[in-house]
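Data file: upload14.cif. Format and content: mmCIF, C-alpha atoms.
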```cif
data_coords
loop_
_atom_site.group_PDB
_atom_site.id
_atom_site.type_symbol
_atom_site.label_atom_id
_atom_site.label_comp_id
_atom_site.auth_asym_id
_atom_site.auth_seq_id
_atom_site.Cartn_x
_atom_site.Cartn_y
_atom_site.Cartn_z
ATOM 1 C CA MET F 574 -6.749 30.588 -35.570
ATOM 2 C CA LEU F 575 -3.165 30.528 -36.785
ATOM 3 C CA ALA F 576 -4.115 32.535 -39.864
ATOM 4 C CA VAL F 577 -5.747 35.192 -37.669
ATOM 5 C CA ALA F 578 -2.680 35.359 -35.443
ATOM 6 C CA LEU F 579 -0.164 35.514 -38.280
ATOM 7 C CA LEU F 580 -2.015 38.235 -40.184
ATOM 8 C CA ALA F 581 -2.447 40.262 -36.997
ATOM 9 C CA LEU F 582 1.315 40.074 -36.524
ATOM 10 C CA ALA F 583 2.142 40.912 -40.138
ATOM 11 C CA TYR F 584 -0.295 43.833 -40.415
ATOM 12 C CA GLU F 585 -2.200 45.977 -37.945
ATOM 13 C CA ALA F 586 -4.769 43.855 -36.134
ATOM 14 C CA LYS F 587 -7.845 45.684 -37.392
ATOM 15 C CA ALA F 588 -6.529 45.970 -40.956
ATOM 16 C CA SER F 589 -5.812 42.236 -40.946
ATOM 17 C CA THR F 590 -9.510 41.478 -40.427
ATOM 18 C CA GLY F 591 -10.312 43.124 -43.753
ATOM 19 C CA ILE F 592 -7.533 41.235 -45.525
ATOM 20 C CA LEU F 593 -8.605 37.896 -44.108
ATOM 21 C CA LEU F 594 -12.377 38.126 -44.618
ATOM 22 C CA PRO F 595 -12.402 37.722 -48.453
ATOM 23 C CA ILE F 596 -9.947 34.843 -48.076
ATOM 24 C CA LEU F 597 -12.254 33.166 -45.560
ATOM 25 C CA ILE F 598 -15.276 33.589 -47.810
ATOM 26 C CA GLY F 599 -13.381 31.974 -50.691
ATOM 27 C CA ALA F 600 -12.337 29.098 -48.453
ATOM 28 C CA ASP F 601 -15.920 28.802 -47.154
ATOM 29 C CA VAL F 602 -17.138 28.207 -50.716
ATOM 30 C CA PHE F 603 -14.814 25.216 -51.089
ATOM 31 C CA ALA F 604 -15.760 23.871 -47.666
ATOM 32 C CA VAL F 605 -19.507 24.229 -48.263
ATOM 33 C CA ILE F 606 -19.271 22.470 -51.638
ATOM 34 C CA TYR F 607 -17.289 19.571 -50.195
ATOM 35 C CA TYR F 608 -18.951 19.135 -46.771
ATOM 36 C CA HIS F 609 -22.502 20.477 -47.363
ATOM 37 C CA ARG F 610 -24.116 17.068 -46.946
ATOM 38 C CA HIS F 611 -22.831 16.802 -43.374
ATOM 39 C CA ALA F 612 -24.369 20.049 -42.073
ATOM 40 C CA ASP F 613 -26.723 19.943 -39.073
ATOM 41 C CA TRP F 614 -29.291 22.638 -39.872
ATOM 42 C CA GLY F 615 -30.862 22.461 -36.428
ATOM 43 C CA HIS F 616 -27.699 23.792 -34.808
ATOM 44 C CA LEU F 617 -27.386 26.453 -37.516
ATOM 45 C CA ALA F 618 -30.916 27.667 -36.752
ATOM 46 C CA HIS F 619 -29.969 28.017 -33.096
ATOM 47 C CA LEU F 620 -26.744 29.972 -33.724
ATOM 48 C CA VAL F 621 -27.112 32.138 -36.840
ATOM 49 C CA PRO F 622 -29.685 34.687 -35.543
ATOM 50 C CA TRP F 623 -27.735 35.269 -32.338
ATOM 51 C CA MET F 624 -24.462 35.514 -34.222
ATOM 52 C CA ALA F 625 -25.974 38.175 -36.473
ATOM 53 C CA VAL F 626 -26.857 40.231 -33.391
ATOM 54 C CA GLY F 627 -23.334 39.702 -32.066
ATOM 55 C CA VAL F 628 -21.882 40.975 -35.347
ATOM 56 C CA LEU F 629 -23.923 44.174 -35.074
ATOM 57 C CA ILE F 630 -22.658 44.709 -31.523
ATOM 58 C CA GLY F 631 -19.112 44.132 -32.758
ATOM 59 C CA VAL F 632 -19.558 46.681 -35.554
ATOM 60 C CA TRP F 633 -20.486 49.313 -32.994
ATOM 61 C CA ALA F 634 -17.938 48.357 -30.308
ATOM 62 C CA GLY F 635 -14.943 47.873 -32.604
ATOM 63 C CA ALA F 636 -15.380 50.968 -34.738
ATOM 64 C CA ASP F 637 -13.109 53.238 -32.708
ATOM 65 C CA LEU F 638 -10.994 50.813 -30.642
ATOM 66 C CA PRO F 639 -7.263 51.707 -30.447
ATOM 67 C CA GLU F 640 -5.003 49.259 -32.272
ATOM 68 C CA LYS F 641 -3.301 47.981 -29.103
ATOM 69 C CA ILE F 642 -6.590 47.187 -27.395
ATOM 70 C CA PHE F 643 -7.905 45.575 -30.588
ATOM 71 C CA LYS F 644 -4.897 43.240 -30.773
ATOM 72 C CA GLN F 645 -5.016 42.367 -27.067
ATOM 73 C CA GLY F 646 -8.715 41.634 -27.419
ATOM 74 C CA MET F 647 -7.950 39.191 -30.217
ATOM 75 C CA ALA F 648 -5.442 37.315 -28.089
ATOM 76 C CA GLY F 649 -7.752 37.360 -25.083
ATOM 77 C CA VAL F 650 -10.640 35.832 -27.022
ATOM 78 C CA ILE F 651 -8.428 33.047 -28.375
ATOM 79 C CA LEU F 652 -6.915 32.230 -24.975
ATOM 80 C CA PHE F 653 -10.315 32.268 -23.278
ATOM 81 C CA SER F 654 -11.646 29.815 -25.838
ATOM 82 C CA VAL F 655 -8.790 27.402 -25.164
ATOM 83 C CA VAL F 656 -9.364 27.448 -21.409
ATOM 84 C CA PHE F 657 -13.109 27.116 -21.782
ATOM 85 C CA MET F 658 -12.943 24.262 -24.312
ATOM 86 C CA PHE F 659 -10.351 22.380 -22.256
ATOM 87 C CA TRP F 660 -12.410 22.822 -19.079
ATOM 88 C CA TRP F 661 -15.566 21.649 -20.829
ATOM 89 C CA ASP F 662 -13.873 18.602 -22.293
ATOM 90 C CA ARG F 663 -12.529 17.598 -18.898
ATOM 91 C CA SER F 664 -15.483 18.432 -16.656
ATOM 92 C CA SER F 665 -18.652 17.433 -18.514
ATOM 93 C CA LYS F 666 -19.811 14.768 -20.876
ATOM 94 C CA HIS F 667 -23.400 16.007 -21.194
ATOM 95 C CA VAL F 668 -25.002 18.353 -23.701
ATOM 96 C CA PRO F 669 -26.025 21.605 -21.950
ATOM 97 C CA LYS F 670 -29.769 21.801 -21.347
ATOM 98 C CA SER F 671 -29.886 25.502 -20.524
ATOM 99 C CA PRO F 672 -31.888 27.527 -23.086
ATOM 100 C CA VAL F 673 -29.341 30.337 -22.826
ATOM 101 C CA PHE F 674 -26.367 28.255 -23.974
ATOM 102 C CA ALA F 675 -26.891 28.711 -27.729
ATOM 103 C CA PRO F 676 -27.747 32.444 -27.452
ATOM 104 C CA VAL F 677 -24.677 33.153 -25.312
ATOM 105 C CA MET F 678 -22.360 31.234 -27.630
ATOM 106 C CA GLY F 679 -23.992 32.826 -30.674
ATOM 107 C CA LEU F 680 -23.645 36.378 -29.361
ATOM 108 C CA ALA F 681 -20.049 35.764 -28.320
ATOM 109 C CA ALA F 682 -19.178 34.164 -31.663
ATOM 110 C CA GLY F 683 -20.804 36.989 -33.618
ATOM 111 C CA PHE F 684 -18.986 39.669 -31.655
ATOM 112 C CA ALA F 685 -15.658 37.827 -31.873
ATOM 113 C CA THR F 686 -15.940 37.219 -35.605
ATOM 114 C CA MET F 687 -16.608 40.895 -36.308
ATOM 115 C CA VAL F 688 -13.713 42.235 -34.260
ATOM 116 C CA GLY F 689 -11.225 39.563 -35.281
ATOM 117 C CA ASN F 690 -12.622 36.832 -37.573
ATOM 118 C CA LEU F 691 -12.633 34.649 -34.463
ATOM 119 C CA ALA F 692 -16.039 32.978 -34.642
ATOM 120 C CA GLY F 693 -14.291 29.618 -34.381
ATOM 121 C CA ALA F 694 -13.362 30.314 -30.786
ATOM 122 C CA PHE F 695 -16.954 30.144 -29.554
ATOM 123 C CA SER F 696 -18.572 28.073 -32.286
ATOM 124 C CA ASN F 697 -15.988 25.378 -31.495
ATOM 125 C CA ILE F 698 -17.108 25.458 -27.867
ATOM 126 C CA TYR F 699 -20.710 25.006 -28.961
ATOM 127 C CA PHE F 700 -20.018 22.221 -31.462
ATOM 128 C CA LEU F 701 -17.701 20.400 -29.086
ATOM 129 C CA ALA F 702 -20.306 20.686 -26.331
ATOM 130 C CA MET F 703 -22.892 19.192 -28.695
ATOM 131 C CA ARG F 704 -20.476 16.292 -29.299
ATOM 132 C CA LEU F 705 -20.812 16.565 -33.068
ATOM 133 C CA PRO F 706 -18.871 13.890 -34.963
ATOM 134 C CA LYS F 707 -15.942 15.109 -37.056
ATOM 135 C CA ASN F 708 -17.673 15.453 -40.429
ATOM 136 C CA GLU F 709 -20.833 17.019 -38.952
ATOM 137 C CA PHE F 710 -18.594 19.433 -37.041
ATOM 138 C CA ILE F 711 -16.836 20.516 -40.231
ATOM 139 C CA GLY F 712 -19.954 20.629 -42.424
ATOM 140 C CA THR F 713 -22.024 22.640 -39.961
ATOM 141 C CA ALA F 714 -19.159 25.033 -39.275
ATOM 142 C CA ALA F 715 -18.594 25.510 -43.015
ATOM 143 C CA TRP F 716 -22.156 26.703 -43.590
ATOM 144 C CA LEU F 717 -22.142 28.791 -40.395
ATOM 145 C CA PHE F 718 -18.985 30.671 -41.342
ATOM 146 C CA PHE F 719 -20.090 31.138 -44.950
ATOM 147 C CA ILE F 720 -23.403 32.731 -43.928
ATOM 148 C CA ILE F 721 -21.925 34.962 -41.234
ATOM 149 C CA ASN F 722 -18.900 36.042 -43.265
ATOM 150 C CA LEU F 723 -21.172 37.199 -46.088
ATOM 151 C CA PHE F 724 -23.248 39.081 -43.513
ATOM 152 C CA LYS F 725 -20.104 40.852 -42.242
ATOM 153 C CA LEU F 726 -18.858 41.897 -45.664
ATOM 154 C CA PRO F 727 -20.828 45.175 -46.082
ATOM 155 C CA PHE F 728 -19.778 46.392 -42.643
ATOM 156 C CA HIS F 729 -16.097 45.879 -43.428
ATOM 157 C CA ILE F 730 -16.454 47.734 -46.726
ATOM 158 C CA TRP F 731 -18.701 50.674 -45.831
ATOM 159 C CA VAL F 732 -18.588 51.050 -42.033
ATOM 160 C CA TRP F 733 -15.056 50.152 -40.938
ATOM 161 C CA GLY F 734 -13.378 50.642 -44.300
ATOM 162 C CA THR F 735 -11.082 47.666 -43.673
ATOM 163 C CA ILE F 736 -11.721 46.152 -47.111
ATOM 164 C CA THR F 737 -10.219 48.405 -49.757
ATOM 165 C CA TRP F 738 -8.683 47.985 -53.196
ATOM 166 C CA GLU F 739 -5.239 47.645 -51.572
ATOM 167 C CA SER F 740 -6.369 45.080 -49.003
ATOM 168 C CA SER F 741 -8.146 43.088 -51.735
ATOM 169 C CA LEU F 742 -4.918 42.826 -53.722
ATOM 170 C CA ILE F 743 -3.208 41.294 -50.682
ATOM 171 C CA SER F 744 -6.114 38.865 -50.258
ATOM 172 C CA VAL F 745 -5.842 37.786 -53.896
ATOM 173 C CA GLN F 746 -2.109 37.160 -53.528
ATOM 174 C CA ILE F 747 -2.677 34.938 -50.488
ATOM 175 C CA PHE F 748 -5.647 32.951 -51.805
ATOM 176 C CA PRO F 749 -3.757 30.433 -54.020
ATOM 177 C CA ALA F 750 -2.142 29.089 -50.844
ATOM 178 C CA VAL F 751 -5.638 28.627 -49.380
ATOM 179 C CA ILE F 752 -6.546 26.321 -52.281
ATOM 180 C CA ILE F 753 -3.456 24.218 -51.623
ATOM 181 C CA GLY F 754 -4.198 24.163 -47.891
ATOM 182 C CA PHE F 755 -7.787 23.072 -48.523
ATOM 183 C CA ALA F 756 -6.668 20.180 -50.724
ATOM 184 C CA LEU F 757 -4.178 19.037 -48.088
ATOM 185 C CA GLY F 758 -6.754 19.447 -45.308
ATOM 186 C CA VAL F 759 -9.353 17.303 -47.070
ATOM 187 C CA ARG F 760 -6.851 14.456 -47.286
ATOM 188 C CA LEU F 761 -5.482 14.902 -43.790
ATOM 189 C CA VAL F 762 -8.852 14.969 -42.002
ATOM 190 C CA ARG F 763 -9.681 11.462 -43.282
ATOM 191 C CA PHE F 764 -6.932 10.022 -41.107
ATOM 192 C CA ILE F 765 -7.767 11.921 -37.913
ATOM 193 C CA LYS F 766 -9.942 10.203 -35.322
ATOM 194 C CA ASP F 767 -12.630 12.242 -33.544
ATOM 195 C CA GLU F 768 -10.740 12.541 -30.243
ATOM 196 C CA SER F 769 -7.509 13.421 -32.055
ATOM 197 C CA TYR F 770 -9.436 16.087 -33.966
ATOM 198 C CA ARG F 771 -10.612 17.633 -30.677
ATOM 199 C CA ARG F 772 -7.067 17.716 -29.309
ATOM 200 C CA MET F 773 -5.842 19.308 -32.546
ATOM 201 C CA ILE F 774 -8.415 22.098 -32.160
ATOM 202 C CA PHE F 775 -7.195 22.800 -28.620
ATOM 203 C CA LEU F 776 -3.564 22.860 -29.736
ATOM 204 C CA LEU F 777 -4.035 25.152 -32.753
ATOM 205 C CA THR F 778 -6.194 27.548 -30.763
ATOM 206 C CA ALA F 779 -3.615 27.781 -27.977
ATOM 207 C CA MET F 780 -0.794 28.356 -30.463
ATOM 208 C CA GLY F 781 -2.683 31.293 -31.970
ATOM 209 C CA ALA F 782 -3.153 32.980 -28.589
ATOM 210 C CA VAL F 783 0.447 32.474 -27.499
ATOM 211 C CA THR F 784 1.750 33.835 -30.802
ATOM 212 C CA ILE F 785 -0.073 37.132 -30.357
ATOM 213 C CA PHE F 786 0.766 37.479 -26.648
ATOM 214 C CA LEU F 787 4.466 36.926 -27.286
ATOM 215 C CA ARG F 788 4.559 39.537 -30.054
#
```
Starting from the coordinates I provided, produce the structure as structure tokens.
Amino acid sequence: MLAVALLALAYEAKASTGILLPILIGADVFAVIYYHRHADWGHLAHLVPWMAVGVLIGVWAGADLPEKIFKQGMAGVILFSVVFMFWWDRSSKHVPKSPVFAPVMGLAAGFATMVGNLAGAFSNIYFLAMRLPKNEFIGTAAWLFFIINLFKLPFHIWVWGTITWESSLISVQIFPAVIIGFALGVRLVRFIKDESYRRMIFLLTAMGAVTIFLR
């Protein structure tokens, strides 16, 4: 979330999505290799098809959005996710039984990830609602993001034109810091308890929204 916010502030919001996507895919590879054994494939089967549909909707809807609206939409999605996750954590301790829960979260996550690399906003809601333990949360999310980010790649290159030779050079310059961040994250997450991990997600998500709104 913070990476999305910072890149949107440093570059134009839409252009930043093309810079960030190759970085995310590279980071996904590390995450999948390290956490693959913790993935819950049942939850992936529920989310991936709906997320793919959401991505296609995002490709169509975001193609001609003005920059200002694109950036405000980013911030709105992040802030909404914070409010929704906080409300869910406070108001319910039961896994949703409604058959529409996974499709709604999948569509929302797919749309959000296409227009702003913000799948985490809604996938976090889903995984938190499912009460996944920390490692299962990370492992399942790693595979989810890897699959969907690869699915998005052709649209960024040939439909939106947000991934270019110039944007790829910026991505390459940033990526070494991702490797360092991954190594630090692997060590840090071992010392974080499940409830502390949930609070950290709320905090980082809120910081990303506030950063964009205060720009």
Result set, the PyMOL selection byres ((chain F and resi 650) around 10) on current file, as a count of residues only:
19
Report as an mmCIF file with C-alpha atoms, in the frame of the given file all protein, DNA and RNA residues lying within 8 Å of stretch 592-603 of chain F, evaluated on all atoms listed in the file, omitting residues in the same chain fewer than 4 positions from it.
```
data_model
loop_
_atom_site.group_PDB
_atom_site.id
_atom_site.type_symbol
_atom_site.label_atom_id
_atom_site.label_comp_id
_atom_site.auth_asym_id
_atom_site.auth_seq_id
_atom_site.Cartn_x
_atom_site.Cartn_y
_atom_site.Cartn_z
ATOM 1 C CA VAL F 577 -5.747 35.192 -37.669
ATOM 2 C CA LEU F 580 -2.015 38.235 -40.184
ATOM 3 C CA ALA F 588 -6.529 45.970 -40.956
ATOM 4 C CA TYR F 607 -17.289 19.571 -50.195
ATOM 5 C CA ASN F 690 -12.622 36.832 -37.573
ATOM 6 C CA ALA F 715 -18.594 25.510 -43.015
ATOM 7 C CA TRP F 716 -22.156 26.703 -43.590
ATOM 8 C CA PHE F 718 -18.985 30.671 -41.342
ATOM 9 C CA PHE F 719 -20.090 31.138 -44.950
ATOM 10 C CA ASN F 722 -18.900 36.042 -43.265
ATOM 11 C CA LEU F 723 -21.172 37.199 -46.088
ATOM 12 C CA LEU F 726 -18.858 41.897 -45.664
ATOM 13 C CA THR F 735 -11.082 47.666 -43.673
ATOM 14 C CA ILE F 736 -11.721 46.152 -47.111
ATOM 15 C CA SER F 740 -6.369 45.080 -49.003
ATOM 16 C CA SER F 741 -8.146 43.088 -51.735
ATOM 17 C CA ILE F 743 -3.208 41.294 -50.682
ATOM 18 C CA SER F 744 -6.114 38.865 -50.258
ATOM 19 C CA VAL F 745 -5.842 37.786 -53.896
ATOM 20 C CA ILE F 747 -2.677 34.938 -50.488
ATOM 21 C CA PHE F 748 -5.647 32.951 -51.805
ATOM 22 C CA VAL F 751 -5.638 28.627 -49.380
ATOM 23 C CA ILE F 752 -6.546 26.321 -52.281
ATOM 24 C CA PHE F 755 -7.787 23.072 -48.523
#
```
If you count only C-alpha atoms, the residue of F:Leu701, F:Leu757, F:Met574, F:Val732 closest to F:Arg772 turns out to be F:Leu701
I'd like the neighbourhood of F:Met678 as an mmCIF file with C-alpha atoms, in the frame of the given file, where a residue qualifies if any of its atoms comes within 9 Å (using only C-alpha atoms), though same-chain residues fewer than 4 positions away should be ignored.
```cif
data_model
loop_
_atom_site.group_PDB
_atom_site.id
_atom_site.type_symbol
_atom_site.label_atom_id
_atom_site.label_comp_id
_atom_site.auth_asym_id
_atom_site.auth_seq_id
_atom_site.Cartn_x
_atom_site.Cartn_y
_atom_site.Cartn_z
ATOM 1 C CA LEU F 620 -26.744 29.972 -33.724
ATOM 2 C CA TRP F 623 -27.735 35.269 -32.338
ATOM 3 C CA MET F 624 -24.462 35.514 -34.222
ATOM 4 C CA VAL F 673 -29.341 30.337 -22.826
ATOM 5 C CA PHE F 674 -26.367 28.255 -23.974
ATOM 6 C CA ALA F 682 -19.178 34.164 -31.663
ATOM 7 C CA GLY F 683 -20.804 36.989 -33.618
ATOM 8 C CA PHE F 695 -16.954 30.144 -29.554
ATOM 9 C CA SER F 696 -18.572 28.073 -32.286
ATOM 10 C CA ILE F 698 -17.108 25.458 -27.867
ATOM 11 C CA TYR F 699 -20.710 25.006 -28.961
#
```
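Distances from F:Val632, F:Val762, F:Leu575, F:Ala750 to F:Gly734 were compared using only C-alpha atoms, and the smallest one belongs to F:Val632.
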Just the number, please: distance in Å from atom CA of F:Ser589 to atom CA of F:Thr686, one decimal.
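Taking atom CA of F:Ser589 and atom CA of F:Thr686, their separation equals 12.5 Å.
Among the candidates F:Ile721, F:Ala702, F:Gly693, F:His619, the residue lying nearest to F:Leu777 is F:Gly693 (atoms considered: all atoms listed in the file).
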Hey, can you check how far atom CA of F:Ile720 sits from atom CA of F:Ala618?
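Taking atom CA of F:Ile720 as the start and atom CA of F:Ala618 as the end point, the length is 11.6 Å.
Distance annotation: of F:Thr784, F:Pro676, F:Val759, F:Asn708, the residue with the minimal separation from F:Ala583 is F:Thr784; atom set is all atoms listed in the file.
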Where's the centre, and what are the edge lengths in Å to one decimal, of a box along x, y and z enclosing all listed atoms of stretch 577-589 of chain F padded 3 Å per side, as AutoDock Vina command-line options?
```
--center_x -2.9 --center_y 40.6 --center_z -38.2 --size_x 16.0 --size_y 16.8 --size_z 11.5
```
Here atom CA of F:Ala578 and atom CA of F:Ile785 stand apart by 6.0 Å
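Counting only C-alpha atoms, the residue from F:Ile630, F:Leu680, F:Leu617, F:Ala612 that sits nearest to F:Ile711 is F:Ala612.
Evaluated against the shown file, the PyMOL selection byres ((chain F and resi 712) around 10) gives Ala604, Val605, Ile606, Tyr607, Tyr608, His609, Arg610, His611, Ala612, Asp613, Trp614, Lys707, Asn708, Glu709, Phe710, Ile711, Thr713, Ala714, Ala715, Trp716 and Leu717 of chain F.
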Would you pick out the contacts of F:Phe643 at 8 Å or less, using all atoms listed in the file, so that residues sharing its chain but fewer than 3 positions from it are not included, and give the list as a PDB file with C-alpha atoms, in the frame of the given file?
```
ATOM      1  CA  ALA F 586      -4.769  43.855 -36.134  1.00  0.00           C
ATOM      2  CA  LYS F 587      -7.845  45.684 -37.392  1.00  0.00           C
ATOM      3  CA  GLY F 635     -14.943  47.873 -32.604  1.00  0.00           C
ATOM      4  CA  LEU F 638     -10.994  50.813 -30.642  1.00  0.00           C
ATOM      5  CA  PRO F 639      -7.263  51.707 -30.447  1.00  0.00           C
ATOM      6  CA  GLU F 640      -5.003  49.259 -32.272  1.00  0.00           C
ATOM      7  CA  GLY F 646      -8.715  41.634 -27.419  1.00  0.00           C
ATOM      8  CA  MET F 647      -7.950  39.191 -30.217  1.00  0.00           C
ATOM      9  CA  VAL F 688     -13.713  42.235 -34.260  1.00  0.00           C
TER      10      VAL F 688
END
```
